[in-house]
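A.B. asks: Below is the file start20.txt, which contains compact mmCIF, C-alpha atoms (C1' of nucleotides).
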```txt
# COMPACT_ATOMS: atom_id res chain seq x y z
CA MET A 23 42.31 -13.21 -14.45
CA LYS A 24 39.15 -11.39 -13.39
CA ILE A 25 37.93 -11.48 -16.96
CA TYR A 26 38.87 -15.14 -17.24
CA ASN A 27 36.89 -16.00 -14.14
CA LYS A 28 33.94 -14.00 -15.36
CA LEU A 29 33.94 -15.82 -18.69
CA LEU A 30 34.45 -19.20 -17.04
CA SER A 31 31.51 -18.79 -14.72
CA HIS A 32 29.36 -17.62 -17.61
CA PHE A 33 30.27 -20.21 -20.26
CA GLY A 34 31.69 -23.05 -18.18
CA ILE A 35 34.68 -25.22 -19.06
CA GLN A 36 35.16 -25.58 -22.82
CA TYR A 37 37.49 -28.62 -22.88
CA TRP A 38 39.44 -27.34 -25.89
CA TRP A 39 40.68 -28.32 -28.45
CA PRO A 40 37.90 -30.58 -29.78
CA ALA A 41 39.91 -33.37 -31.42
CA GLU A 42 40.57 -37.05 -30.86
CA THR A 43 44.27 -36.99 -31.71
CA LYS A 44 47.14 -34.53 -31.79
CA TYR A 45 47.37 -34.71 -35.55
CA GLU A 46 43.70 -33.86 -35.80
CA VAL A 47 44.53 -30.64 -33.93
CA VAL A 48 47.15 -29.87 -36.56
CA ILE A 49 44.70 -30.47 -39.40
CA GLY A 50 42.03 -28.39 -37.70
CA ALA A 51 44.47 -25.55 -37.05
CA ILE A 52 45.27 -25.30 -40.75
CA ILE A 53 41.82 -25.57 -42.22
CA THR A 54 40.14 -23.32 -39.68
CA GLN A 55 42.21 -20.36 -40.83
CA ASN A 56 39.76 -17.46 -41.22
CA ILE A 57 36.86 -19.92 -41.40
CA SER A 58 34.09 -20.75 -38.96
CA TRP A 59 34.44 -24.05 -37.15
CA LYS A 60 31.14 -25.23 -38.64
CA ASN A 61 32.85 -25.47 -42.02
CA VAL A 62 35.88 -27.16 -40.52
CA GLU A 63 33.72 -29.92 -39.06
CA LYS A 64 32.46 -30.85 -42.49
CA ALA A 65 35.96 -31.05 -43.88
CA LEU A 66 37.14 -33.08 -40.88
CA ASN A 67 34.26 -35.50 -41.30
CA ASN A 68 35.18 -35.99 -44.95
CA LEU A 69 38.74 -36.79 -43.91
CA LYS A 70 37.58 -39.13 -41.15
CA ASN A 71 35.31 -41.02 -43.51
CA GLU A 72 38.34 -41.73 -45.66
CA ASP A 73 40.41 -42.59 -42.57
CA LEU A 74 42.79 -39.76 -43.39
CA ILE A 75 43.54 -38.37 -39.93
CA ASP A 76 46.97 -39.87 -40.34
CA GLU A 77 50.24 -38.21 -41.31
CA LYS A 78 51.41 -40.83 -43.80
CA ARG A 79 48.06 -41.21 -45.52
CA ILE A 80 47.71 -37.45 -45.93
CA LEU A 81 51.12 -37.33 -47.58
CA LYS A 82 50.18 -40.20 -49.85
CA ILE A 83 46.82 -38.90 -51.07
CA ASN A 84 46.95 -36.83 -54.22
CA THR A 85 46.47 -33.13 -53.70
CA GLU A 86 43.46 -32.81 -56.00
CA LYS A 87 41.60 -35.45 -54.02
CA LEU A 88 42.55 -33.71 -50.79
CA LYS A 89 41.21 -30.43 -52.14
CA GLU A 90 37.83 -32.02 -52.82
CA LEU A 91 37.63 -33.42 -49.30
CA ILE A 92 38.38 -30.14 -47.56
CA LYS A 93 36.39 -28.00 -49.98
CA PRO A 94 33.69 -27.16 -47.39
CA ALA A 95 36.33 -25.33 -45.38
CA GLY A 96 36.94 -22.73 -48.09
CA PHE A 97 40.34 -21.60 -49.40
CA TYR A 98 40.73 -25.26 -50.17
CA ASN A 99 43.43 -24.96 -52.80
CA ILE A 100 45.91 -23.24 -50.54
CA LYS A 101 44.85 -25.17 -47.46
CA ALA A 102 45.47 -28.50 -49.16
CA GLU A 103 49.00 -27.31 -49.91
CA ARG A 104 49.46 -26.02 -46.39
CA LEU A 105 48.28 -29.29 -44.90
CA LYS A 106 50.76 -31.18 -47.06
CA ASN A 107 53.52 -28.76 -46.04
CA ILE A 108 53.09 -29.10 -42.30
CA THR A 109 52.53 -32.85 -42.53
CA LYS A 110 55.73 -33.27 -44.51
CA TYR A 111 57.57 -31.28 -41.84
CA ILE A 112 56.20 -33.55 -39.12
CA VAL A 113 56.92 -36.81 -40.91
CA ASP A 114 60.37 -35.78 -42.12
CA ASN A 115 61.54 -34.53 -38.74
CA TYR A 116 59.54 -36.46 -36.14
CA LYS A 117 57.65 -39.24 -37.97
CA THR A 118 54.36 -38.47 -36.19
CA THR A 119 52.69 -35.65 -34.29
CA ASP A 120 52.79 -37.78 -31.14
CA GLU A 121 56.56 -38.04 -31.49
CA LEU A 122 56.80 -34.30 -32.16
CA ALA A 123 54.95 -33.73 -28.90
CA LYS A 124 57.63 -35.69 -27.04
CA THR A 125 60.58 -33.60 -28.21
CA GLU A 126 62.70 -31.87 -25.57
CA LYS A 127 63.26 -28.86 -27.78
CA ASP A 128 62.63 -25.45 -26.30
CA THR A 129 59.24 -23.96 -27.09
CA ASN A 130 60.74 -20.99 -28.94
CA ILE A 131 62.86 -23.27 -31.12
CA LEU A 132 59.79 -25.33 -31.92
CA ARG A 133 57.78 -22.22 -32.64
CA ASN A 134 60.37 -21.01 -35.14
CA GLU A 135 60.39 -24.39 -36.83
CA LEU A 136 56.63 -24.17 -37.27
CA LEU A 137 56.79 -20.58 -38.48
CA ASN A 138 59.20 -21.62 -41.22
CA ILE A 139 56.51 -23.83 -42.76
CA LYS A 140 54.69 -22.13 -45.62
CA GLY A 141 51.09 -21.70 -44.49
CA VAL A 142 51.81 -21.56 -40.77
CA GLY A 143 51.67 -18.11 -39.20
CA LYS A 144 51.84 -17.15 -35.57
CA GLU A 145 48.27 -17.99 -34.61
CA THR A 146 48.37 -21.38 -36.29
CA ALA A 147 51.77 -22.16 -34.79
CA ASP A 148 50.65 -21.16 -31.32
CA SER A 149 47.40 -23.12 -31.60
CA ILE A 150 49.39 -26.23 -32.44
CA LEU A 151 51.94 -25.54 -29.70
CA LEU A 152 49.27 -25.06 -27.07
CA TYR A 153 46.64 -27.62 -28.02
CA ALA A 154 48.63 -30.38 -29.71
CA LEU A 155 52.04 -30.07 -28.08
CA ASP A 156 51.02 -28.85 -24.60
CA ARG A 157 53.35 -25.86 -24.64
CA LYS A 158 52.53 -22.78 -22.61
CA ILE A 159 51.88 -20.27 -25.39
CA PHE A 160 48.88 -17.97 -25.37
CA VAL A 161 46.96 -17.94 -28.64
CA VAL A 162 45.97 -14.54 -30.02
CA ASP A 163 43.27 -14.37 -32.67
CA ALA A 164 40.92 -11.88 -34.27
CA TYR A 165 38.45 -12.32 -31.43
CA THR A 166 41.14 -11.54 -28.87
CA ARG A 167 42.01 -8.30 -30.64
CA ARG A 168 38.40 -7.27 -31.02
CA ILE A 169 37.28 -8.08 -27.50
CA PHE A 170 40.22 -6.68 -25.60
CA SER A 171 40.60 -3.55 -27.72
CA ARG A 172 36.93 -2.79 -27.25
CA TYR A 173 37.30 -3.52 -23.58
CA GLY A 174 40.19 -1.08 -23.42
CA ILE A 175 43.05 -3.34 -22.40
CA ILE A 176 44.97 -3.51 -25.68
CA ASN A 177 45.33 -1.48 -28.83
CA LYS A 178 43.67 -2.92 -31.92
CA ASP A 179 46.77 -2.68 -34.11
CA MET A 180 49.34 -3.94 -31.61
CA ASP A 181 51.82 -6.52 -32.81
CA TYR A 182 50.76 -10.17 -32.35
CA ASP A 183 53.52 -11.03 -29.91
CA GLU A 184 53.02 -7.84 -27.95
CA ILE A 185 49.43 -8.88 -27.26
CA ARG A 186 50.50 -12.44 -26.50
CA LEU A 187 53.00 -11.24 -23.92
CA ILE A 188 50.44 -9.00 -22.24
CA PHE A 189 48.40 -12.13 -21.58
CA GLU A 190 51.35 -14.29 -20.63
CA ASP A 191 52.62 -11.62 -18.23
CA ASN A 192 49.29 -11.15 -16.51
CA ILE A 193 47.58 -14.51 -16.16
CA ILE A 194 48.49 -17.58 -14.13
CA PRO A 195 50.95 -19.63 -16.22
CA SER A 196 48.84 -22.76 -16.27
CA LEU A 197 48.50 -24.87 -19.38
CA ASN A 198 44.83 -25.48 -18.73
CA ILE A 199 44.09 -21.83 -18.13
CA TYR A 200 45.82 -20.91 -21.39
CA LYS A 201 43.73 -23.49 -23.20
CA GLU A 202 40.46 -22.55 -21.60
CA TYR A 203 41.00 -18.80 -21.78
CA HIS A 204 41.43 -18.78 -25.55
CA ALA A 205 38.40 -21.05 -25.91
CA LEU A 206 36.34 -18.73 -23.73
CA ILE A 207 37.45 -15.73 -25.79
CA VAL A 208 36.23 -17.46 -28.94
CA GLU A 209 32.94 -18.22 -27.26
CA LEU A 210 32.46 -14.59 -26.24
CA GLY A 211 33.49 -13.35 -29.69
CA LYS A 212 31.03 -15.61 -31.45
CA ASN A 213 28.06 -15.07 -29.17
CA TYR A 214 28.36 -11.56 -27.73
CA CYS A 215 31.31 -9.43 -28.85
CA LYS A 216 30.36 -9.76 -32.50
CA LYS A 217 31.88 -7.62 -35.22
CA LYS A 218 28.56 -6.01 -36.05
CA ASN A 219 25.83 -5.40 -33.50
CA PRO A 220 27.61 -6.78 -30.44
CA LEU A 221 25.23 -7.85 -27.69
CA CYS A 222 26.61 -5.50 -25.07
CA ASN A 223 23.44 -5.44 -23.00
CA THR A 224 23.72 -9.07 -22.01
CA CYS A 225 27.50 -9.46 -22.36
CA PRO A 226 29.13 -11.01 -19.28
CA LEU A 227 31.92 -8.42 -19.51
CA ASN A 228 29.77 -5.34 -19.90
CA LEU A 229 30.35 -3.98 -16.40
CA TYR A 230 33.78 -2.47 -17.05
CA CYS A 231 33.91 -2.53 -20.85
CA ARG A 232 34.88 0.80 -22.38
CA LYS A 233 32.80 0.17 -25.49
CA LEU A 234 29.71 1.06 -23.53
CA PHE A 235 31.18 4.46 -22.71
CA ASN A 236 32.78 5.32 -26.02
CA LYS A 237 30.96 5.01 -29.31
CA PHE A 238 34.24 5.12 -31.23
CA TYR A 239 35.35 1.67 -30.08
C1' DC B 29 46.50 -4.24 -49.25
C1' DT B 30 44.50 -8.04 -51.97
C1' DC B 31 43.54 -12.60 -52.79
C1' DC B 32 41.97 -17.13 -51.47
C1' DG B 33 36.23 -19.42 -51.32
C1' DG B 34 32.48 -22.33 -49.38
C1' DT B 35 28.77 -21.99 -45.70
C1' DA B 36 25.63 -20.33 -42.56
C1' DA B 37 23.79 -16.39 -40.26
C1' DT B 38 21.86 -11.86 -40.82
C1' DA C 25 21.58 -10.13 -51.04
C1' DT C 26 25.21 -9.20 -47.84
C1' DT C 27 28.25 -10.37 -44.13
C1' DA C 28 31.42 -12.95 -41.11
C1' DC C 29 34.05 -16.67 -40.35
C1' DT C 30 39.23 -19.59 -34.28
C1' DG C 31 44.71 -16.27 -41.13
C1' DG C 32 48.58 -16.22 -44.14
C1' DA C 33 51.17 -15.22 -48.29
C1' DG C 34 52.51 -12.42 -52.12
```
In C-alpha cells, what does this structure look like?

C.D. replies:
Amino acid sequence: MKIYNKLLSHFGIQYWWPAETKYEVVIGAIITQNISWKNVEKALNNLKNEDLIDEKRILKINTEKLKELIKPAGFYNIKAERLKNITKYIVDNYKTTDELAKTEKDTNILRNELLNIKGVGKETADSILLYALDRKIFVVDAYTRRIFSRYGIINKDMDYDEIRLIFEDNIIPSLNIYKEYHALIVELGKNYCKKKNPLCNTCPLNLYCRKLFNKFY
DNA sequence: CTCCGGTAAT
DNA sequence: ATTACTGGAG
C-alpha cells in the first residue's frame, strides 16, 4: 500500500480501463496482448469506424476482414481468431458482455470459464474480470514482474497466481484500488522502470528499491 | 522455447 | 537498424 500511495501521488488517478463499453474492454484485452496500447488504439478506431464494438456484429464479420481492421495491433491473424473465440463464448452463454457482467457466478468459476477459451490466458482473463466484470482480481503483467522483482518484493520467475496472491493478500481489497494499482504499475513500467535503461534517478520508487543497490537486478 | 507481426521509440 | 510493446499457444 505504501508503494501504491507513492505511485498515486506521483501519477494521479488513471481512471482505468479506457473504454466506453464492457465489450470494448474485452476487445482491448485481446488485442493488447504483448502490444503497446498505441497500436491497440489504431485497431480500436478501425473497429469503431465500422461500428463493430458489438458482439453480434463481430461474430458476423468475416475473419479476413477482421484481420485487416486489427492489423495495426500486430499478431493480427491469431488475434482475430481469439476475438472470435471469446465473443462466441459471450454470445453463446450470456448473449452480451453486459449480461455476462450480471451473472451471480463465483469469480473463480467465471475465471475458469474464461481460461478455457483459446487465446485467453491468466492476464487476459483477469483484465476482463477486473475491468469489464468488476470482480476483485489483481492483474499481473510483465511490468508487475519487472518492477516488483527489481524492487525486491517478488521473484522474477514466480508463478502468475503466486504473485497475484501476494498482492491480494497485502493490499486493501477495494475494486477501485485493484483497478488503479495495475494502471499505475503500467504507467511506472512505461515511463521509469523500463526494460533497458530504467530511469532510476527520477523514479518515484527509488528510495527503497533494491535495484539501486544491486547491479544484478 | 519459438512463433506470431505491425508500430513507434531508441 | 534495433528494440520493446498492458501474452498465449504449440

A.B. asks: For chain C, work out the contacting residues on chain A at 9 Å, counting only C-alpha atoms (C1' of nucleotides), and write them as an MDAnalysis selection string.

C.D. replies: chainID A and resid 51 54:59 140:143 145:146 163:165 205 208 217

A.B. asks: Counting all atoms listed in the file, give me one row per residue of chain A with an atom at most 6 Å from an atom of chain B, showing the shortest contact pair and its distance in Å to one decimal, sorted by chain then residue number, as JSON lines.

C.D. replies:
```
{"residue": "A:Pro94", "atom": "CA", "partner": "B:DG34", "partner_atom": "C1'", "distance": 5.4}
{"residue": "A:Gly96", "atom": "CA", "partner": "B:DG34", "partner_atom": "C1'", "distance": 4.7}
{"residue": "A:Phe97", "atom": "CA", "partner": "B:DG33", "partner_atom": "C1'", "distance": 5.0}
```

A.B. asks: How big is the axis-aligned box around the listed atoms of segment 34-37 of chain B once 8 Å is added on each side, and where is its centre? Give both in Å to one decimal, as lines of an AutoDock Vina configuration file.

C.D. replies:
```
center_x = 28.1
center_y = -19.4
center_z = -44.8
size_x = 24.7
size_y = 21.9
size_z = 25.1
```

A.B. asks: Which residues come within 6 Å of segment 176-191 of chain A, counting all atoms listed in the file, excluding same-chain residues fewer than 2 positions away, as a PyMOL selection string?

C.D. replies: chain A and resi 160+167+170-171+174+193

A.B. asks: Take the residues that were just selected and, keeping C-alpha atoms, output them as a compact mmCIF listing (two decimals), keeping the file's coordinate frame.

C.D. replies:
```
# COMPACT_ATOMS: atom_id res chain seq x y z
CA PHE A 160 48.88 -17.97 -25.37
CA ARG A 167 42.01 -8.30 -30.64
CA PHE A 170 40.22 -6.68 -25.60
CA SER A 171 40.60 -3.55 -27.72
CA GLY A 174 40.19 -1.08 -23.42
CA ILE A 193 47.58 -14.51 -16.16
```

A.B. asks: Need the neighbours of (43.7, -26.0, -53.3): which residues are at most 12 Å away, counting all atoms listed in the file, as a list in words?

C.D. replies: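 These residues have at least one counted atom within 12 Å: Ile53, Asn84, Thr85, Glu86, Lys87, Leu88, Lys89, Glu90, Leu91, Ile92, Lys93, Pro94, Ala95, Gly96, Phe97, Tyr98, Asn99, Ile100, Lys101, Ala102, Glu103, Arg104, Leu105 and Lys106 of chain A; DC32 and DG33 of chain B.
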
A.B. asks: Need the shell around segment 32-36 of chain A: protein/DNA/RNA residues with any atom at most 10 Å away, counting only C-alpha atoms (C1' of nucleotides). Skip same-chain ones fewer than 4 positions apart. Format as a ChimeraX atom specification?

C.D. replies: /A:26-28,40,201-206,209-210,225-227

A.B. asks: In Å, rounded to a single decimal, give me how far atom CA of Val162 of chain A is from atom CA of Thr119 of chain A.

C.D. replies: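 Distance reported for this atom pair: 22.6 Å.
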
A.B. asks: What does the distance between atom CA of Glu135 of chain A and atom CA of Ala65 of chain A come to in Å, to one decimal place?

C.D. replies: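 Calculated distance between atom CA of Glu135 of chain A and atom CA of Ala65 of chain A is 26.3 Å.
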
A.B. asks: At a cut-off of 10 Å, using only C-alpha atoms (C1' of nucleotides), what residues contact Glu77 of chain A? Leave out same-chain residues fewer than 6 positions from it and give the result as an MDAnalysis selection string.

C.D. replies: chainID A and resid 45:46 49 105:106 108:110 112:113 117:119

A.B. asks: Name the residues in contact with Cys222 of chain A at a cut-off of 12 Å, using all atoms listed in the file, excluding same-chain residues fewer than 4 positions from it; report them as a PyMOL selection string.

C.D. replies: chain A and resi 169+172-173+210-211+213-218+226-235

A.B. asks: Kindly give the distance, in Å, that separates atom CA of Ala154 of chain A and atom CA of Lys44 of chain A, rounded to a single decimal.

C.D. replies: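 Computed distance, atom CA of Ala154 of chain A to atom CA of Lys44 of chain A, equals 4.9 Å.
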